[in-house]
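Undergrad: Dropping a structure here in structure tokens format, bear with me for questions.
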Amino acid sequence: DPYPLHMSGRVISGFGRGSKELGIPTANLPVDDTQTPWISSTPSGVYFGWASIRLPPSHPDSPPPPPPPSQNEATPTPTALPPTNGFTVYPMVMSIGYNPFYKNTVRSAEVHVLHKFHADFYGAEMRLLIAGYVRKELDYSGLEALIADINFDCVVARRSLARDGWAPRGVEVAVEIDG
Ligand code: FMN
């Protein structure tokens, strides 16, 4: 299918190894080929793009609610950006496939958001816009080699998304992209 590819859903838990074993937390989405027709035929591998996430209001990183409208203002102050419905856009890098290092038997979609969050966000709504492909899934002789490759995937994703014309239009992105 042509890029960008889209998928969305509520964040579910994986096997819990991302944060614990790798130090690289991932937000997983259900792999459902009725909702996401391209998912079963797309090559397994690492992809990059944008994640639009609506955190619950109780989350420590949840954006503050918009200020209430002023009572004594004749003309309302125009807002610079369209309302985002509580969604915030972050750069992301993700893996779709079977994680050959762990020999999973079911296909998973695991997103590493390129932003430091202060808490997990299971159940949050996440919409993905996948802009491109990085590489195939690989098996590794050790955990350190897998971690090193994922860290390099993050560099590739940041550099790709920082290029002119690769930013989403009409929305503000939550973090500075450098690298
Ligand atoms: N797993 C592999 O076995 N081989 C890979 O090449 C591979 N590349 C990855 C690249 C990225 C950017 C990410 C986020 C994950 C990658 N993984 C790969 C998957 C990790 O092994 C997986 O996220 C980890 O096992 C945590 O899974 P869990 O959330 O189910 O615990």
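Naming works like this for the structure tokens: A, B, ... for the chains as they're shown, residue 1 at the start of each chain, ligands 1 onward in shown order.
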Hey, could you make a per-residue contact list for chain A against ligand 1 with 9 Å as the cut-off, showing the nearest pair of atoms and its distance in Å to one decimal, counting only C-alpha atoms and all ligand atoms, sorted by chain and number, as a tab-separated table?

TA:
residue	atom	partner	partner_atom_place_in_ligand_line	distance
A:Ser13	CA	ligand 1	29 (O)	6.7
A:Gly14	CA	ligand 1	30 (O)	3.6
A:Phe15	CA	ligand 1	31 (O)	3.6
A:Gly16	CA	ligand 1	31 (O)	3.6
A:Arg17	CA	ligand 1	31 (O)	3.3
A:Gly18	CA	ligand 1	26 (C)	3.5
A:Ser19	CA	ligand 1	26 (C)	7.2
A:Lys20	CA	ligand 1	31 (O)	8.0
A:Glu21	CA	ligand 1	26 (C)	7.9
A:Leu22	CA	ligand 1	24 (C)	7.0
A:Ile24	CA	ligand 1	14 (C)	7.1
A:Pro25	CA	ligand 1	29 (O)	7.1
A:Thr26	CA	ligand 1	29 (O)	5.5
A:Ala27	CA	ligand 1	29 (O)	7.2
A:Asn28	CA	ligand 1	29 (O)	6.7
A:Gly45	CA	ligand 1	6 (O)	6.9
A:Val46	CA	ligand 1	10 (C)	5.4
A:Tyr47	CA	ligand 1	12 (C)	7.3
A:Phe48	CA	ligand 1	12 (C)	8.1
A:Met92	CA	ligand 1	12 (C)	8.5
A:Val93	CA	ligand 1	12 (C)	5.0
A:Met94	CA	ligand 1	12 (C)	4.6
A:Ser95	CA	ligand 1	13 (C)	4.7
A:Ile96	CA	ligand 1	16 (C)	8.0
A:Gly97	CA	ligand 1	1 (N)	8.2
A:Tyr98	CA	ligand 1	3 (O)	6.9
A:Asn99	CA	ligand 1	3 (O)	3.2
A:Pro100	CA	ligand 1	3 (O)	4.0
A:Phe101	CA	ligand 1	3 (O)	3.6
A:Tyr102	CA	ligand 1	3 (O)	5.6
A:Lys103	CA	ligand 1	3 (O)	7.2
A:Asn104	CA	ligand 1	3 (O)	8.5
A:Ser108	CA	ligand 1	30 (O)	7.7
A:Ala109	CA	ligand 1	23 (O)	8.8
A:Glu110	CA	ligand 1	14 (C)	5.8
A:Val111	CA	ligand 1	14 (C)	5.5
A:His112	CA	ligand 1	14 (C)	4.8
A:Val113	CA	ligand 1	14 (C)	8.5
A:Val134	CA	ligand 1	12 (C)	9.0
A:Arg135	CA	ligand 1	6 (O)	8.0
A:Lys136	CA	ligand 1	6 (O)	6.6
A:Glu137	CA	ligand 1	6 (O)	3.7
A:Leu138	CA	ligand 1	6 (O)	3.9
A:Asp139	CA	ligand 1	4 (N)	5.4
A:Tyr140	CA	ligand 1	4 (N)	7.2
A:Leu143	CA	ligand 1	21 (O)	8.9
A:Leu146	CA	ligand 1	5 (C)	6.4
A:Ile147	CA	ligand 1	9 (C)	8.2
A:Asp149	CA	ligand 1	8 (N)	7.1
A:Ile150	CA	ligand 1	10 (C)	4.7
A:Asn151	CA	ligand 1	12 (C)	7.5
A:Phe152	CA	ligand 1	12 (C)	8.5
A:Asp153	CA	ligand 1	12 (C)	5.6
A:Cys154	CA	ligand 1	12 (C)	6.6
A:Ala157	CA	ligand 1	12 (C)	8.9

Undergrad: Restricting it to C-alpha atoms, dump the selection as a PDB file, in the first residue's frame.

TA:
ATOM      1  CA  SER A  13       0.112  -4.130  26.836  1.00  0.00           C
ATOM      2  CA  GLY A  14       2.644  -6.335  25.069  1.00  0.00           C
ATOM      3  CA  PHE A  15       4.757  -8.919  26.875  1.00  0.00           C
ATOM      4  CA  GLY A  16       6.181  -6.143  29.046  1.00  0.00           C
ATOM      5  CA  ARG A  17       9.749  -6.732  27.891  1.00  0.00           C
ATOM      6  CA  GLY A  18      10.139  -3.370  26.147  1.00  0.00           C
ATOM      7  CA  SER A  19      10.532  -1.294  29.279  1.00  0.00           C
ATOM      8  CA  LYS A  20      12.027  -3.950  31.554  1.00  0.00           C
ATOM      9  CA  GLU A  21      14.543  -5.808  29.391  1.00  0.00           C
ATOM     10  CA  LEU A  22      15.329  -3.249  26.704  1.00  0.00           C
ATOM     11  CA  ILE A  24      12.795   1.015  25.361  1.00  0.00           C
ATOM     12  CA  PRO A  25       9.092   1.242  26.209  1.00  0.00           C
ATOM     13  CA  THR A  26       6.593   0.461  23.457  1.00  0.00           C
ATOM     14  CA  ALA A  27       2.914   1.287  23.148  1.00  0.00           C
ATOM     15  CA  ASN A  28       1.254  -1.620  21.337  1.00  0.00           C
ATOM     16  CA  GLY A  45       9.991  -4.580   9.845  1.00  0.00           C
ATOM     17  CA  VAL A  46      10.702  -1.183  11.328  1.00  0.00           C
ATOM     18  CA  TYR A  47       8.721   1.871  10.234  1.00  0.00           C
ATOM     19  CA  PHE A  48       8.681   5.551  11.262  1.00  0.00           C
ATOM     20  CA  MET A  92       7.610   7.677  16.518  1.00  0.00           C
ATOM     21  CA  VAL A  93       9.460   4.597  15.343  1.00  0.00           C
ATOM     22  CA  MET A  94       7.738   1.222  15.353  1.00  0.00           C
ATOM     23  CA  SER A  95       8.073  -2.458  14.706  1.00  0.00           C
ATOM     24  CA  ILE A  96       5.467  -4.572  12.907  1.00  0.00           C
ATOM     25  CA  GLY A  97       6.004  -8.325  12.926  1.00  0.00           C
ATOM     26  CA  TYR A  98       7.026 -11.296  15.030  1.00  0.00           C
ATOM     27  CA  ASN A  99      10.132 -10.053  16.869  1.00  0.00           C
ATOM     28  CA  PRO A 100      12.440 -12.900  15.693  1.00  0.00           C
ATOM     29  CA  PHE A 101      14.707 -12.333  18.707  1.00  0.00           C
ATOM     30  CA  TYR A 102      11.777 -13.360  20.935  1.00  0.00           C
ATOM     31  CA  LYS A 103      10.144 -15.721  18.388  1.00  0.00           C
ATOM     32  CA  ASN A 104       6.611 -14.387  18.906  1.00  0.00           C
ATOM     33  CA  SER A 108       2.388  -7.243  16.823  1.00  0.00           C
ATOM     34  CA  ALA A 109       2.500  -3.501  16.177  1.00  0.00           C
ATOM     35  CA  GLU A 110       4.732  -1.817  18.764  1.00  0.00           C
ATOM     36  CA  VAL A 111       5.329   1.929  18.808  1.00  0.00           C
ATOM     37  CA  HIS A 112       8.259   3.605  20.503  1.00  0.00           C
ATOM     38  CA  VAL A 113       7.261   7.260  20.895  1.00  0.00           C
ATOM     39  CA  VAL A 134      13.534   1.567   7.772  1.00  0.00           C
ATOM     40  CA  ARG A 135      14.568  -2.106   7.697  1.00  0.00           C
ATOM     41  CA  LYS A 136      13.588  -5.751   8.092  1.00  0.00           C
ATOM     42  CA  GLU A 137      13.130  -7.377  11.498  1.00  0.00           C
ATOM     43  CA  LEU A 138      16.293  -9.206  12.491  1.00  0.00           C
ATOM     44  CA  ASP A 139      17.350 -11.889  14.930  1.00  0.00           C
ATOM     45  CA  TYR A 140      20.295 -11.087  17.219  1.00  0.00           C
ATOM     46  CA  LEU A 143      20.107  -8.221  23.799  1.00  0.00           C
ATOM     47  CA  LEU A 146      19.003  -5.560  19.484  1.00  0.00           C
ATOM     48  CA  ILE A 147      19.092  -2.466  21.722  1.00  0.00           C
ATOM     49  CA  ASP A 149      19.871  -1.372  16.406  1.00  0.00           C
ATOM     50  CA  ILE A 150      16.669   0.054  17.930  1.00  0.00           C
ATOM     51  CA  ASN A 151      18.615   3.096  19.132  1.00  0.00           C
ATOM     52  CA  PHE A 152      19.934   3.599  15.600  1.00  0.00           C
ATOM     53  CA  ASP A 153      16.360   3.213  14.238  1.00  0.00           C
ATOM     54  CA  CYS A 154      15.431   6.149  16.506  1.00  0.00           C
ATOM     55  CA  ALA A 157      13.417   8.176  12.304  1.00  0.00           C
TER      56      ALA A 157
END

Undergrad: Pull the helix (DSSP H, G or I) assignments for chain A out of DSSP run on the backbone, and list those residues as a list in words.

TA: Arg17, Gly18, Ser19, Lys20, Glu21, Leu22, Pro37, Trp38, Ile39, Ser40, Leu143, Glu144, Ala145, Leu146, Ile147, Ala148, Asp149, Ile150, Asn151, Phe152, Asp153, Cys154, Val155, Val156, Ala157, Arg158, Arg159, Ser160 and Leu161 of chain A

Undergrad: Could you pull out the residues in chain A that DSSP calls strand (DSSP E or B) from the backbone, as number ranges by chain?

TA: A: 5-10, 12, 27-29, 45-54, 88-97, 108-113, 125-135, 173

Undergrad: Which residues are close to Thr42 of chain A, i.e. within 8 Å by only C-alpha atoms, leaving aside same-chain residues fewer than 3 positions away? Reply as a PyMOL selection string.

TA: chain A and resi 1+38-39

Undergrad: Could you give me, as a list in words, the residues within 12 Å of Ala124 of chain A, counting only C-alpha atoms and dropping anything in the same chain fewer than 3 positions from it?

TA: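 Surrounding residues, per the criterion: Ser8, Gly9, Arg10, Val11, Ile12, Ser13, Ala27, Asn28, Leu29, Ala51, Ser52, Ile53, Arg54, Leu55, Pro56, Pro57, Ser58, His59, Ser62, Gly86, Phe87, Thr88, Ala119, Asp120, Phe121 and Arg127 of chain A.
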
Undergrad: Keeping only N, CA and C atoms, write the selected residues to a file as an mmCIF file, in the first residue's frame.

TA:
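The result, written out as part13.cif:
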data_model
loop_
_atom_site.group_PDB
_atom_site.id
_atom_site.type_symbol
_atom_site.label_atom_id
_atom_site.label_comp_id
_atom_site.auth_asym_id
_atom_site.auth_seq_id
_atom_site.Cartn_x
_atom_site.Cartn_y
_atom_site.Cartn_z
ATOM 1 N N SER A 8 -5.019 2.926 13.898
ATOM 2 C CA SER A 8 -5.379 3.576 15.162
ATOM 3 C C SER A 8 -6.022 2.569 16.098
ATOM 4 N N GLY A 9 -6.075 2.943 17.358
ATOM 5 C CA GLY A 9 -6.682 2.069 18.354
ATOM 6 C C GLY A 9 -6.315 2.517 19.748
ATOM 7 N N ARG A 10 -6.651 1.658 20.701
ATOM 8 C CA ARG A 10 -6.285 1.936 22.090
ATOM 9 C C ARG A 10 -5.033 1.155 22.458
ATOM 10 N N VAL A 11 -4.159 1.793 23.198
ATOM 11 C CA VAL A 11 -2.880 1.186 23.571
ATOM 12 C C VAL A 11 -3.120 -0.020 24.484
ATOM 13 N N ILE A 12 -2.538 -1.159 24.089
ATOM 14 C CA ILE A 12 -2.634 -2.384 24.889
ATOM 15 C C ILE A 12 -1.245 -2.776 25.384
ATOM 16 N N SER A 13 -1.195 -3.702 26.338
ATOM 17 C CA SER A 13 0.112 -4.130 26.836
ATOM 18 C C SER A 13 0.662 -5.241 25.947
ATOM 19 N N ALA A 27 4.370 1.237 23.045
ATOM 20 C CA ALA A 27 2.914 1.287 23.148
ATOM 21 C C ALA A 27 2.368 0.425 22.015
ATOM 22 N N ASN A 28 1.726 -0.683 22.355
ATOM 23 C CA ASN A 28 1.254 -1.620 21.337
ATOM 24 C C ASN A 28 -0.179 -1.299 20.927
ATOM 25 N N LEU A 29 -0.468 -1.544 19.654
ATOM 26 C CA LEU A 29 -1.843 -1.438 19.162
ATOM 27 C C LEU A 29 -2.320 -2.821 18.748
ATOM 28 N N ALA A 51 2.829 9.771 15.731
ATOM 29 C CA ALA A 51 1.810 9.204 16.621
ATOM 30 C C ALA A 51 1.030 10.352 17.237
ATOM 31 N N SER A 52 -0.278 10.318 17.059
ATOM 32 C CA SER A 52 -1.150 11.307 17.677
ATOM 33 C C SER A 52 -1.842 10.623 18.848
ATOM 34 N N ILE A 53 -1.616 11.141 20.039
ATOM 35 C CA ILE A 53 -2.032 10.439 21.261
ATOM 36 C C ILE A 53 -2.913 11.340 22.108
ATOM 37 N N ARG A 54 -4.013 10.780 22.591
ATOM 38 C CA ARG A 54 -4.840 11.497 23.569
ATOM 39 C C ARG A 54 -4.675 10.811 24.915
ATOM 40 N N LEU A 55 -3.922 11.461 25.794
ATOM 41 C CA LEU A 55 -3.686 10.918 27.137
ATOM 42 C C LEU A 55 -4.916 11.194 27.992
ATOM 43 N N PRO A 56 -5.210 10.297 28.935
ATOM 44 C CA PRO A 56 -6.313 10.616 29.860
ATOM 45 C C PRO A 56 -5.950 11.839 30.703
ATOM 46 N N PRO A 57 -6.938 12.648 31.118
ATOM 47 C CA PRO A 57 -6.644 13.867 31.881
ATOM 48 C C PRO A 57 -5.813 13.601 33.146
ATOM 49 N N SER A 58 -5.913 12.383 33.685
ATOM 50 C CA SER A 58 -5.179 12.046 34.915
ATOM 51 C C SER A 58 -3.694 11.768 34.652
ATOM 52 N N HIS A 59 -3.301 11.640 33.394
ATOM 53 C CA HIS A 59 -1.896 11.320 33.096
ATOM 54 C C HIS A 59 -0.999 12.529 33.410
ATOM 55 N N SER A 62 -0.438 14.921 30.522
ATOM 56 C CA SER A 62 -1.618 15.404 29.812
ATOM 57 C C SER A 62 -1.570 16.922 29.674
ATOM 58 N N GLY A 86 -7.613 17.334 22.152
ATOM 59 C CA GLY A 86 -6.823 16.676 23.186
ATOM 60 C C GLY A 86 -5.740 15.763 22.646
ATOM 61 N N PHE A 87 -5.605 15.662 21.337
ATOM 62 C CA PHE A 87 -4.544 14.830 20.759
ATOM 63 C C PHE A 87 -3.255 15.647 20.636
ATOM 64 N N THR A 88 -2.136 14.992 20.912
ATOM 65 C CA THR A 88 -0.825 15.612 20.769
ATOM 66 C C THR A 88 -0.002 14.753 19.810
ATOM 67 N N ALA A 119 4.710 8.341 32.742
ATOM 68 C CA ALA A 119 3.899 7.190 33.164
ATOM 69 C C ALA A 119 3.438 6.444 31.922
ATOM 70 N N ASP A 120 3.065 5.195 32.099
ATOM 71 C CA ASP A 120 2.472 4.406 31.010
ATOM 72 C C ASP A 120 1.150 5.031 30.592
ATOM 73 N N PHE A 121 0.697 4.677 29.388
ATOM 74 C CA PHE A 121 -0.616 5.191 28.968
ATOM 75 C C PHE A 121 -1.464 4.115 28.300
ATOM 76 N N ARG A 127 -3.368 7.324 17.233
ATOM 77 C CA ARG A 127 -3.542 7.284 15.776
ATOM 78 C C ARG A 127 -2.180 7.410 15.133
#

Undergrad: What gap, in Å, lies between atom CA of Pro4 of chain A and atom CA of Tyr122 of chain A?

TA: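 About the pair atom CA of Pro4 of chain A and atom CA of Tyr122 of chain A: they are 24.9 Å apart.
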
Undergrad: Using only C-alpha atoms for the distances, tell me which of A:Gly142, A:Pro91, A:Pro64, A:Gly165 is nearest to Ile177 of chain A.

TA: A:Pro91

Undergrad: My list of candidates is A:Pro68, A:Pro30, A:Pro37, A:Gly49. Which is closest to Arg159 of chain A when distances are computed with only C-alpha atoms?

TA: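 Selected residue with least distance to Arg159 of chain A: A:Gly49.
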
Undergrad: To one decimal place, how far is atom CA of Arg163 of chain A from atom CA of Met7 of chain A in Å?

TA: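 For atom CA of Arg163 of chain A relative to atom CA of Met7 of chain A, the distance reads 22.8 Å.
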
Undergrad: Have a look at atom CA of Arg169 of chain A and atom CA of Leu114 of chain A and let me know their distance in Å, one decimal.

TA: 18.9 Å

Undergrad: Nearest to Trp166 of chain A among A:Gln71, A:Pro66, A:Ala148, A:Ala131, with distances taken over only C-alpha atoms: which residue is it?

TA: A:Ala131

Undergrad: Restricting the calculation to only C-alpha atoms, which member of A:Leu161, A:Ala167, A:Val89, A:Arg107 is positioned closest to Met126 of chain A?

TA: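 Of the candidates, the smallest distance to Met126 of chain A is held by A:Val89.
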
Undergrad: In terms of the shortest atom-to-atom distance over only C-alpha atoms, which of A:Gly132, A:Ala74, A:Gly170, A:Glu144 is closest to Val156 of chain A?

TA: A:Gly132

Undergrad: Taking into account only C-alpha atoms, which residue in the set A:Asp32, A:Val155, A:Ser44, A:Tyr90 is nearest to Lys116 of chain A?

TA: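 Among the listed residues, the smallest separation from Lys116 of chain A belongs to A:Tyr90.
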